[in-house]
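**Student:** There's a structure below that I have some questions on.
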Amino acid sequence: MMPKNFHDTVDGIILKPKMRVRVDPVLLQLTKTGKATEEAKRANEFFLSLAACNTIVPIVSNTSDPNVKLVDYQGESPDEQALVYAAAAYGFLLIERTSGHIVINVRGETQR
């Protein structure tokens with residue numbers, strides 16, 4: 001059975017990655033524990049790095065539901081796109097990139 005992909009709420013709007021990615025339930029649970037163990041800390045740092053260290057531009061678009069938006073990742077490298085979608089599936093959602101900063105939503109907490 002495939003677990004539901006991660007989505008989160010930002011300013012009352014539900015953000016969902018456009019592409020669904022199959023997740024490992026054990027690894028997903030490990031990332032949800034935050035930094036409780038050294039292994040969890042490393043897993044979270046890994047997914048944060050996947051979400052941040054790339055050239056992908058997130059495109060947020062409306063859906064038929066005004067409370068839900070889809071996040072699509074655009075870039076020249078399909079490998080980078082796949083890695084960013086994987087990070088999003090584990091709760092590390094890249095939501096904005098400018099020349100000066102990036103914004104990543106980590107399970108409900110926006111980090112810039």
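FYI, nothing fancy with the structure tokens labels: chains A, B, ... in order, residues from 1 per chain, ligands from 1 as they appear.
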DSSP on the backbone: what in segment 32-74 of chain A comes out strand (DSSP E or B), as a ChimeraX atom specification?
**Tutor:** /A:57-62,68-74
**Student:** Which residues are near Thr33 of chain A? Cut-off 12 Å, only C-alpha atoms, ignore same chain within fewer than 6 positions. Put them as a list in words.
**Tutor:**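 Here the qualifying residues turn out to be Val26, Leu27, Glu39, Ala40, Lys41, Arg42, Ala43, Asn44, Tyr90, Gly91 and Arg107 of chain A.
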**Student:** Determine, for each residue of segment 42-82 of chain A having at least one atom at most 12 Å from an atom of segment 15-20 of chain A, the closest pair of atoms and their separation in Å to one decimal, counting only C-alpha atoms; order by chain and ascending number, as JSON lines.
**Tutor:**
```
{"residue": "A:Pro58", "atom": "CA", "partner": "A:Pro17", "partner_atom": "CA", "distance": 9.7}
{"residue": "A:Ile59", "atom": "CA", "partner": "A:Lys18", "partner_atom": "CA", "distance": 9.7}
{"residue": "A:Val60", "atom": "CA", "partner": "A:Leu15", "partner_atom": "CA", "distance": 8.3}
{"residue": "A:Ser61", "atom": "CA", "partner": "A:Lys18", "partner_atom": "CA", "distance": 9.4}
{"residue": "A:Asn62", "atom": "CA", "partner": "A:Leu15", "partner_atom": "CA", "distance": 9.8}
{"residue": "A:Thr63", "atom": "CA", "partner": "A:Leu15", "partner_atom": "CA", "distance": 10.4}
{"residue": "A:Asp65", "atom": "CA", "partner": "A:Leu15", "partner_atom": "CA", "distance": 11.4}
{"residue": "A:Pro66", "atom": "CA", "partner": "A:Leu15", "partner_atom": "CA", "distance": 11.1}
{"residue": "A:Asn67", "atom": "CA", "partner": "A:Leu15", "partner_atom": "CA", "distance": 8.7}
{"residue": "A:Val68", "atom": "CA", "partner": "A:Leu15", "partner_atom": "CA", "distance": 6.0}
{"residue": "A:Lys69", "atom": "CA", "partner": "A:Leu15", "partner_atom": "CA", "distance": 5.0}
{"residue": "A:Leu70", "atom": "CA", "partner": "A:Lys16", "partner_atom": "CA", "distance": 5.0}
{"residue": "A:Val71", "atom": "CA", "partner": "A:Pro17", "partner_atom": "CA", "distance": 4.7}
{"residue": "A:Asp72", "atom": "CA", "partner": "A:Lys18", "partner_atom": "CA", "distance": 5.2}
{"residue": "A:Tyr73", "atom": "CA", "partner": "A:Lys18", "partner_atom": "CA", "distance": 8.1}
{"residue": "A:Gln74", "atom": "CA", "partner": "A:Lys18", "partner_atom": "CA", "distance": 11.1}
{"residue": "A:Gln81", "atom": "CA", "partner": "A:Met19", "partner_atom": "CA", "distance": 10.1}
{"residue": "A:Ala82", "atom": "CA", "partner": "A:Met19", "partner_atom": "CA", "distance": 9.3}
```
**Student:** Can you pull out every residue within 10 Å of Ile104 of chain A, counting only C-alpha atoms, but drop anything in the same chain fewer than 6 positions away, and send it as a PDB file with C-alpha atoms, in the first residue's frame?
**Tutor:**
```pdb
ATOM      1  CA  LEU A  48      16.526  19.547   3.468  1.00  0.00           C
ATOM      2  CA  ALA A  51      15.026  20.569  -1.343  1.00  0.00           C
ATOM      3  CA  ALA A  52      17.552  23.419  -1.154  1.00  0.00           C
ATOM      4  CA  ALA A  88       8.528  17.159  -0.984  1.00  0.00           C
ATOM      5  CA  GLY A  91       7.727  16.867   3.965  1.00  0.00           C
ATOM      6  CA  PHE A  92      10.409  19.244   2.643  1.00  0.00           C
ATOM      7  CA  LEU A  93       8.424  21.347   0.192  1.00  0.00           C
ATOM      8  CA  LEU A  94      10.341  23.925  -1.851  1.00  0.00           C
ATOM      9  CA  ILE A  95       7.821  26.727  -2.334  1.00  0.00           C
ATOM     10  CA  GLU A  96       9.794  29.776  -3.465  1.00  0.00           C
ATOM     11  CA  ARG A  97      13.124  30.604  -5.103  1.00  0.00           C
ATOM     12  CA  THR A 110       8.365  27.837   6.772  1.00  0.00           C
ATOM     13  CA  GLN A 111      12.133  28.285   6.582  1.00  0.00           C
ATOM     14  CA  ARG A 112      13.843  30.951   4.516  1.00  0.00           C
TER      15      ARG A 112
END
```
**Student:** If you run DSSP over the backbone, which residues in chain A end up alpha helix (DSSP H)? Put them as a ChimeraX atom specification.
**Tutor:** /A:25-32,38-52,78-89
**Student:** Based on the selection just made, write C-alpha atoms of those residues as a compact mmCIF listing (two decimals), in the first residue's frame.
**Tutor:**
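Saved the output as result_0.txt:
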```txt
# COMPACT_ATOMS: atom_id res chain seq x y z
CA PRO A 25 6.90 4.39 5.48
CA VAL A 26 9.82 3.65 7.83
CA LEU A 27 11.90 6.51 6.42
CA LEU A 28 8.88 8.82 6.48
CA GLN A 29 8.30 8.03 10.16
CA LEU A 30 12.00 8.60 10.87
CA THR A 31 11.88 12.07 9.30
CA LYS A 32 8.78 12.92 11.33
CA GLU A 38 21.32 10.98 15.16
CA GLU A 39 19.81 8.88 12.37
CA ALA A 40 16.68 11.08 12.24
CA LYS A 41 18.83 14.22 12.25
CA ARG A 42 20.85 12.94 9.28
CA ALA A 43 17.70 11.94 7.37
CA ASN A 44 16.18 15.40 7.89
CA GLU A 45 19.40 17.13 6.84
CA PHE A 46 19.51 14.94 3.72
CA PHE A 47 15.96 15.88 2.62
CA LEU A 48 16.53 19.55 3.47
CA SER A 49 19.62 19.45 1.24
CA LEU A 50 17.63 17.82 -1.58
CA ALA A 51 15.03 20.57 -1.34
CA ALA A 52 17.55 23.42 -1.15
CA PRO A 78 14.90 15.88 -14.78
CA ASP A 79 17.17 14.39 -12.10
CA GLU A 80 16.93 17.56 -10.02
CA GLN A 81 13.17 17.62 -10.49
CA ALA A 82 12.89 14.03 -9.26
CA LEU A 83 15.03 14.74 -6.20
CA VAL A 84 13.00 17.83 -5.27
CA TYR A 85 9.74 15.89 -5.68
CA ALA A 86 11.18 13.18 -3.41
CA ALA A 87 12.08 15.76 -0.77
CA ALA A 88 8.53 17.16 -0.98
CA ALA A 89 7.06 13.68 -0.51
```
**Student:** By how many Å are atom CA of Asp8 of chain A and atom CA of Asn105 of chain A apart?
**Tutor:**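 Between atom CA of Asp8 of chain A and atom CA of Asn105 of chain A the gap works out to 7.7 Å.
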**Student:** Any idea what the distance is between atom CA of Asp11 of chain A and atom CA of Lys35 of chain A?
**Tutor:**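 Atom CA of Lys35 of chain A lies 25.3 Å from atom CA of Asp11 of chain A.
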**Student:** Have a look at atom CA of Gly75 of chain A and atom CA of Arg22 of chain A and let me know their distance in Å, one decimal.
**Tutor:**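 These atoms are spaced 21.2 Å apart.
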**Student:** For His101 of chain A, which residue out of A:Thr37, A:Ser77, A:Cys53, A:Val10 is the nearest one, using only C-alpha atoms?
**Tutor:** A:Cys53
